[in-house]
Amino acid sequence: MINQAIDLLLKTLPEELNSFSGTEYPMALQTTFRGNEVLDIICLSNQLTNLRNADEKELLEPLLLAAEVIESSSADKSQFFITDDQVRSNVFFGSKWRAGWVLVLGARNNEKVIEMLKEKDYLVFTDQPDVKDTCFIGNRPTSPIYFLQMMVRYGLIWGRIAPGDDHEMGHFLEKDMPGFMIITEDLEPLKYLVALGIMKLGAPALVPTTFPFPYGRRIVTDDPVRLIEDGVHFPNLRMRYYNDEIIQLPDNCNIAYARETIDEGTTYGGTPLSFFFLQSSGSVNPGIHVIGQPSAHIGILVDIENEALGLDLAQIVEQTAMKAVNYLQGVRAGESDGNFYIKTAPGMAMDNNKIGEAIYYGIRLQYPRLEKISITFIYNEVQLKKDKQEIDGLKAARRLFIQHMSEENTEEFCVCIECRPFSLEHTCIVTPDRIPMCASRTYFTIKAESLLGSSSVPFRRQSDKERPLRLVFNKGNMINQEKGEYEGCNKIYSELTSDRLNRVFLHSLRGYPHTSCGCFQNLAFWIEEVNGIGIMSRSSKAVSPNGKTWDVLANYAGGKQSDGIMGVSLHYIRSRHFLKGDGGIGNVVWVDQALYEKISGCLLPGQKVATEMNTATLEDLKQFIKRE
């Protein structure tokens with residue numbers, strides 16, 4: 001087997017080195033094994049020749065290097081190479097909302113195995129073409145290196161494994177990389193050895209009984225069902241853990257109906273007497289109640305018995321409850337000029353019970369700890385006149401309360417670790433003035449999910465299964481106002497990272513910046529040469545004056561605390577707290593053109609901010625902003 005593999009490698013090795021594009025690590029395996037050393041093809045060829053009678057373990061490193069060199073010279077490599085951008089997607093989104101990655105090699109039972117994997121929410125790579133909803137890596141003997149390259153770049157970028165330290169890389173990937181391999185049949189010699197190399201670098205595997213090597217972390221079976229059942233228990237994989245009951249919408253409700261267009265039949269409400277209002281009550285009579293008969297006016301009052309449901313959270317839950325009415329086919333609900341309405345399709349009657357059930361289960365689906373819920377439909381005009389004036393006052397007071405919430409006057413901050421599946425360090429702290437860098441949540445939604453429960457449960461590390469995904473904590477004493485350092489934030493960082501991190505600045509890039517996820521809207525970075533702030537928007541094609549591309553910045557920031565860089569949302573850029581420890585918005589000196597068009601209105605009068613359209617070098621930047 002070894003001699004056959006070596007003969008094929010020597011036959012197909014190119015005369016010159018090539019590389020892959022779309023990555024910070026054009027030859028990721030060379031970086032892993034050799035660091036910054038330049039690979040010599042003649043030396044590599046001689047090394048392979050001298051290993052003809054060696055043990056498989058001694059052959060793996062040069063064999064994998066040769067496989068990468070061969071694939072880098074393939075004319076169709078761009079079809080199979082996984083760029084840094086795609087690796088980030090597989091890491092950040094793939095490991096958060098998927099159980100993990102699986103490489104399936106071999107044609108036997110391939111489709112059956114892959115369907116079972118997809119049912120369990122795995123991202124599947126395979127060497128078999130034309131398999132629906134999979135990533136085809138090619139079917140050459142050396143093509144499994146595309147999966148291996150993704151593995152080692154996961155370690156190089158997010159694990160901070162030093163180039164050349166393949167020993168530490170193996171330990172990191174074995175413990176942390178959310179993937180495994182399935183071999184469904186005997187492979188040709190070279191592909192078998194490349195697969196063994198993947199196992200050497202940390203991927204556990206399910207292999208057939210004819211597997212020819214005594215090495216690797218593996219489960220041996222020819223049964224495809226057992227392949228899956230055993231594989232999902234590898235300790236490096238991500239799993240879903242449900243702590244609450246499973247709650248489903250009624251059969252006549254579907255979230256997809258919220259996007260449907262209906263022909264308007266009858267409109268209820270939309271008048272000055274109509275309202276939809278949700279509030280916390282000390283004691284409720286659960287169920288659906290009706291006062292009066294359907295008429296031109298309608299009021300829906302939702303009372304919930306739960307001590308955690310404060311004014312700020314009541315507004316969030318109210319929005320969820322109103323939206324849930326739209327999960328009924330042929331029904332639309334909303335507000336126009338502050339007046340609530342329900343519209344039904346032609347021929348549909350007002351059904352209080354169906355709408356009430358949609359509201360009840362819509363609330364519980366999003367916030368499962370809210371159980372005691374009363375929903376009252378009011379059509380009686382006398383009652384509506386009495387209630388509407390009071391409710392308008394309550395809504396105005398609620399809006400004012402929320403508008404005035406700030407980092408200074410709010411004792412409770414929130415933390416979210418939903419992105420922890422790809423990083424043991426990323427810990428997202430959220431305040432009323434600082435929403436997450438992904439911009440998909442707010443302080444109020446995270447607080448609500450923490451206190452009221454959430455059915456949104458991404459896959460998690462098995463080591464993290466007991467940790468709450470979201471927490472509300474006391475911010476504690478202020479340590480540094482400008483940088484945004486609080487005792488409580490430092491404490492929560494220490495607790496949630498097992499002391500790997502114990503300080504965090506919410507509003508400074510330098511020293512101990514907030515960790516970054518991978519789904520950040522923008523990246524803010526410190527430009528030392530001008531003591532100023534640069535910002536690049538997601539997937540920008542610009543190059544900063546100090547030579548940074550989006551890929552380089554994103555790889556440096558993603559999943560960790562990196563001095564001089566931090567993910568930021570557009571909302572945070574516009575906040576009065578934006579990086580105030582570094583001079584704030586007034587010290588922004590460079591942004592890419594697309595972002596400039598979005599934030600130019602936030603800049604100070606007379607402020608000079610460069611883009612890639614007018615500066616290409618640091619000298620250009622210094623002249624443009626008049627700094628030496």
# chains A, B, ... in the order shown; residues from 1 in each chain; ligands from 1

call {"tool": "residues_around", "arguments": {"residues": "stretch 361-377 of chain A", "least_positions_apart": "2", "cutoff": "8 Å", "atoms": "only C-alpha atoms", "output": "VMD selection string"}}
result
chain A and resid 244 to 245 247 to 250 284 to 291 298 to 306 317 320 to 321 324 352 356 to 359 379 448 to 449 452 to 456

call {"tool": "select_by_dssp", "arguments": {"residues": "stretch 298-451 of chain A", "states": "strand (DSSP E or B)", "output": "VMD selection string"}}
result
chain A and resid 299 to 304 328 331 to 336 339 to 344 373 to 378 412 to 416 428 to 431 434

call {"tool": "write_last_selection", "arguments": {"atoms": "N, CA, C and O atoms", "output": "CSV table (one decimal), in the first residue's frame"}}
result
chain,number,residue,atom,x,y,z
A,299,GLY,N,-60.1,45.8,20.9
A,299,GLY,CA,-59.0,45.9,21.8
A,299,GLY,C,-58.6,44.5,22.3
A,299,GLY,O,-59.5,43.6,22.5
A,300,ILE,N,-57.3,44.2,22.3
A,300,ILE,CA,-56.8,42.9,22.8
A,300,ILE,C,-55.9,43.2,23.9
A,300,ILE,O,-54.9,43.9,23.8
A,301,LEU,N,-56.2,42.7,25.1
A,301,LEU,CA,-55.4,43.0,26.3
A,301,LEU,C,-54.8,41.6,26.8
A,301,LEU,O,-55.6,40.7,27.0
A,302,VAL,N,-53.5,41.6,26.8
A,302,VAL,CA,-52.8,40.4,27.2
A,302,VAL,C,-52.2,40.6,28.6
A,302,VAL,O,-51.3,41.5,28.7
A,303,ASP,N,-52.6,39.9,29.6
A,303,ASP,CA,-52.1,39.9,30.9
A,303,ASP,C,-51.3,38.7,31.2
A,303,ASP,O,-51.7,37.6,31.0
A,304,ILE,N,-50.1,38.9,31.7
A,304,ILE,CA,-49.2,37.8,32.0
A,304,ILE,C,-48.7,37.8,33.5
A,304,ILE,O,-48.2,38.9,33.9
A,328,LEU,N,-51.6,32.9,11.4
A,328,LEU,CA,-52.8,32.3,10.9
A,328,LEU,C,-53.0,32.6,9.4
A,328,LEU,O,-52.8,33.7,9.0
A,331,VAL,N,-55.0,35.9,7.8
A,331,VAL,CA,-55.2,36.9,8.9
A,331,VAL,C,-54.0,37.8,8.9
A,331,VAL,O,-52.9,37.3,8.9
A,332,ARG,N,-54.2,39.1,9.0
A,332,ARG,CA,-53.2,40.1,9.2
A,332,ARG,C,-53.5,41.0,10.3
A,332,ARG,O,-54.6,41.5,10.5
A,333,ALA,N,-52.4,41.3,11.2
A,333,ALA,CA,-52.6,42.2,12.3
A,333,ALA,C,-51.4,43.1,12.4
A,333,ALA,O,-50.3,42.8,12.0
A,334,GLY,N,-51.7,44.3,12.9
A,334,GLY,CA,-50.6,45.3,13.0
A,334,GLY,C,-51.2,46.6,13.5
A,334,GLY,O,-52.3,46.7,14.0
A,335,GLU,N,-50.4,47.7,13.5
A,335,GLU,CA,-50.8,49.0,14.0
A,335,GLU,C,-50.5,50.0,12.9
A,335,GLU,O,-49.6,49.9,12.1
A,336,SER,N,-51.4,51.0,12.8
A,336,SER,CA,-51.3,52.1,11.8
A,336,SER,C,-51.6,53.3,12.6
A,336,SER,O,-52.7,53.5,13.2
A,339,ASN,N,-53.0,52.8,16.0
A,339,ASN,CA,-54.3,52.1,16.2
A,339,ASN,C,-54.2,50.6,15.7
A,339,ASN,O,-53.7,50.4,14.5
A,340,PHE,N,-54.6,49.7,16.5
A,340,PHE,CA,-54.4,48.3,16.2
A,340,PHE,C,-55.6,47.9,15.2
A,340,PHE,O,-56.7,48.3,15.3
A,341,TYR,N,-55.2,46.9,14.3
A,341,TYR,CA,-56.2,46.4,13.4
A,341,TYR,C,-56.0,44.9,13.2
A,341,TYR,O,-54.9,44.4,13.3
A,342,ILE,N,-57.0,44.2,12.8
A,342,ILE,CA,-57.0,42.8,12.3
A,342,ILE,C,-57.7,42.8,10.9
A,342,ILE,O,-58.9,43.3,10.9
A,343,LYS,N,-57.1,42.3,9.9
A,343,LYS,CA,-57.7,42.1,8.6
A,343,LYS,C,-57.8,40.6,8.3
A,343,LYS,O,-56.9,39.9,8.5
A,344,THR,N,-59.0,40.2,7.8
A,344,THR,CA,-59.2,38.8,7.4
A,344,THR,C,-59.4,38.7,5.9
A,344,THR,O,-59.9,39.7,5.3
A,373,ILE,N,-51.1,33.1,31.1
A,373,ILE,CA,-51.4,34.2,30.2
A,373,ILE,C,-53.0,34.3,30.0
A,373,ILE,O,-53.6,33.3,29.8
A,374,SER,N,-53.4,35.5,30.1
A,374,SER,CA,-54.9,35.8,29.9
A,374,SER,C,-55.0,36.7,28.7
A,374,SER,O,-54.3,37.7,28.6
A,375,ILE,N,-55.8,36.3,27.7
A,375,ILE,CA,-56.0,37.1,26.5
A,375,ILE,C,-57.5,37.5,26.4
A,375,ILE,O,-58.4,36.7,26.4
A,376,THR,N,-57.7,38.8,26.5
A,376,THR,CA,-59.1,39.4,26.5
A,376,THR,C,-59.4,40.2,25.2
A,376,THR,O,-58.6,41.1,24.9
A,377,PHE,N,-60.4,39.8,24.5
A,377,PHE,CA,-60.9,40.5,23.3
A,377,PHE,C,-62.0,41.4,23.8
A,377,PHE,O,-63.0,41.0,24.4
A,378,ILE,N,-61.8,42.7,23.5
A,378,ILE,CA,-62.8,43.7,23.9
A,378,ILE,C,-63.4,44.4,22.7
A,378,ILE,O,-62.7,45.0,21.8
A,412,GLU,N,-28.2,46.5,35.4
A,412,GLU,CA,-28.1,45.2,34.8
A,412,GLU,C,-27.6,45.2,33.4
A,412,GLU,O,-28.3,45.9,32.5
A,413,PHE,N,-26.6,44.5,33.1
A,413,PHE,CA,-26.1,44.3,31.7
A,413,PHE,C,-26.5,42.8,31.3
A,413,PHE,O,-26.9,42.0,32.2
A,414,CYS,N,-26.4,42.5,30.1
A,414,CYS,CA,-26.6,41.1,29.6
A,414,CYS,C,-25.4,40.5,29.0
A,414,CYS,O,-24.5,41.2,28.5
A,415,VAL,N,-25.4,39.2,28.9
A,415,VAL,CA,-24.3,38.5,28.2
A,415,VAL,C,-24.9,37.4,27.4
A,415,VAL,O,-25.8,36.7,27.9
A,416,CYS,N,-24.3,37.2,26.2
A,416,CYS,CA,-24.8,36.1,25.4
A,416,CYS,C,-23.6,35.3,24.9
A,416,CYS,O,-22.6,35.8,24.5
A,428,CYS,N,-20.3,37.8,24.7
A,428,CYS,CA,-20.8,39.1,24.2
A,428,CYS,C,-21.6,39.8,25.3
A,428,CYS,O,-22.6,39.3,25.7
A,429,ILE,N,-21.1,41.0,25.7
A,429,ILE,CA,-21.7,41.8,26.7
A,429,ILE,C,-22.5,42.9,26.0
A,429,ILE,O,-22.1,43.5,25.1
A,430,VAL,N,-23.8,43.0,26.4
A,430,VAL,CA,-24.7,43.9,25.8
A,430,VAL,C,-25.3,44.8,26.8
A,430,VAL,O,-25.7,44.5,27.9
A,431,THR,N,-25.4,46.1,26.4
A,431,THR,CA,-25.9,47.2,27.3
A,431,THR,C,-27.0,47.9,26.5
A,431,THR,O,-27.1,47.7,25.3
A,434,ARG,N,-25.2,49.5,23.7
A,434,ARG,CA,-24.2,48.7,22.9
A,434,ARG,C,-24.8,47.3,22.6
A,434,ARG,O,-24.8,46.4,23.3

call {"tool": "atom_distance", "arguments": {"atom1": "atom CA of A:Leu206", "atom2": "atom CA of A:Ile2"}}
result
21.9 Å

call {"tool": "select_by_dssp", "arguments": {"residues": "stretch 268-496 of chain A", "states": "helix (DSSP H, G or I)", "output": "ChimeraX atom specification"}}
result
/A:311-327,352-366,381-403,420-422,443-452,462-464,487-496

call {"tool": "residues_around", "arguments": {"residues": "A:Ile565", "least_positions_apart": "3", "cutoff": "10 Å", "atoms": "only C-alpha atoms", "output": "list in words"}}
result
Ser508, Leu509, Arg510, Gly511, Tyr512, Pro513, His514, Thr515, Ser516, Leu523, Ala524, Phe525, Trp526, Ile527, Ile533, Gly534, Ile535, Leu553, Ala554, Tyr556, Ala557, Gly558, Gln561, Ser562 and Val568 of chain A

call {"tool": "residues_around", "arguments": {"residues": "A:Asn18", "least_positions_apart": "3", "cutoff": "12 Å", "atoms": "only C-alpha atoms", "output": "list in words"}}
result
Leu13, Pro14, Glu15, Ser21, Pro26, Met27, Gln30, Val38, Leu39, Asp40, Ile41, Ala66, Glu68, Val69, Ile70, Glu71, Ser72, Ser73, Ser74, Ala75 and Lys77 of chain A

call {"tool": "closest_residue", "arguments": {"among": "A:Glu418, A:Glu628, A:Asp499, A:Glu485", "to": "A:Arg467", "atoms": "only C-alpha atoms"}}
result
A:Glu418

call {"tool": "closest_atom_pairs", "arguments": {"of": "stretch 29-98 of chain A", "to": "stretch 161-183 of chain A", "cutoff": "6 Å", "atoms": "only C-alpha atoms", "output": "JSON lines"}}
result
{"residue": "A:Thr31", "atom": "CA", "partner": "A:Pro163", "partner_atom": "CA", "distance": 5.3}
{"residue": "A:Thr32", "atom": "CA", "partner": "A:Gly164", "partner_atom": "CA", "distance": 4.8}
{"residue": "A:Phe33", "atom": "CA", "partner": "A:Gly164", "partner_atom": "CA", "distance": 4.7}
{"residue": "A:Arg34", "atom": "CA", "partner": "A:Gly164", "partner_atom": "CA", "distance": 4.7}
{"residue": "A:Gly35", "atom": "CA", "partner": "A:Gly164", "partner_atom": "CA", "distance": 3.8}

call {"tool": "closest_residue", "arguments": {"among": "A:Leu29, A:Ile446, A:Ala5, A:Leu309", "to": "A:Gln149", "atoms": "only C-alpha atoms"}}
result
A:Leu29

call {"tool": "residues_around", "arguments": {"residues": "stretch 254-262 of chain A", "least_positions_apart": "6", "cutoff": "7 Å", "atoms": "only C-alpha atoms", "output": "ChimeraX atom specification"}}
result
/A:326-330,345

call {"tool": "atom_distance", "arguments": {"atom1": "atom CA of A:Phe81", "atom2": "atom CA of A:Ile137"}}
result
7.7 Å

call {"tool": "residues_around", "arguments": {"residues": "A:Arg52", "least_positions_apart": "4", "cutoff": "9 Å", "atoms": "only C-alpha atoms", "output": "list in words"}}
result
Ile2, Asn3, Ile6, Leu48 and Leu59 of chain A

call {"tool": "write_last_selection", "arguments": {"atoms": "N, CA and C atoms", "output": "compact mmCIF listing (two decimals), in the first residue's frame"}}
result
# COMPACT_ATOMS: atom_id res chain seq x y z
N ILE A 2 1.90 1.29 0.85
CA ILE A 2 2.74 2.48 0.93
C ILE A 2 3.45 2.73 -0.39
N ASN A 3 4.00 1.70 -0.99
CA ASN A 3 4.73 1.87 -2.24
C ASN A 3 3.81 2.35 -3.36
N ILE A 6 3.15 6.08 -2.72
CA ILE A 6 4.34 6.89 -3.02
C ILE A 6 4.55 6.98 -4.53
N LEU A 48 9.98 11.23 0.29
CA LEU A 48 8.98 10.20 0.01
C LEU A 48 9.65 8.91 -0.47
N LEU A 59 5.24 8.35 7.35
CA LEU A 59 4.98 8.80 5.98
C LEU A 59 3.96 9.94 5.91

call {"tool": "residues_around", "arguments": {"residues": "A:Val543", "least_positions_apart": "6", "cutoff": "12 Å", "atoms": "only C-alpha atoms", "output": "VMD selection string"}}
result
chain A and resid 534 to 537 549 to 553 590 to 593 611 to 618
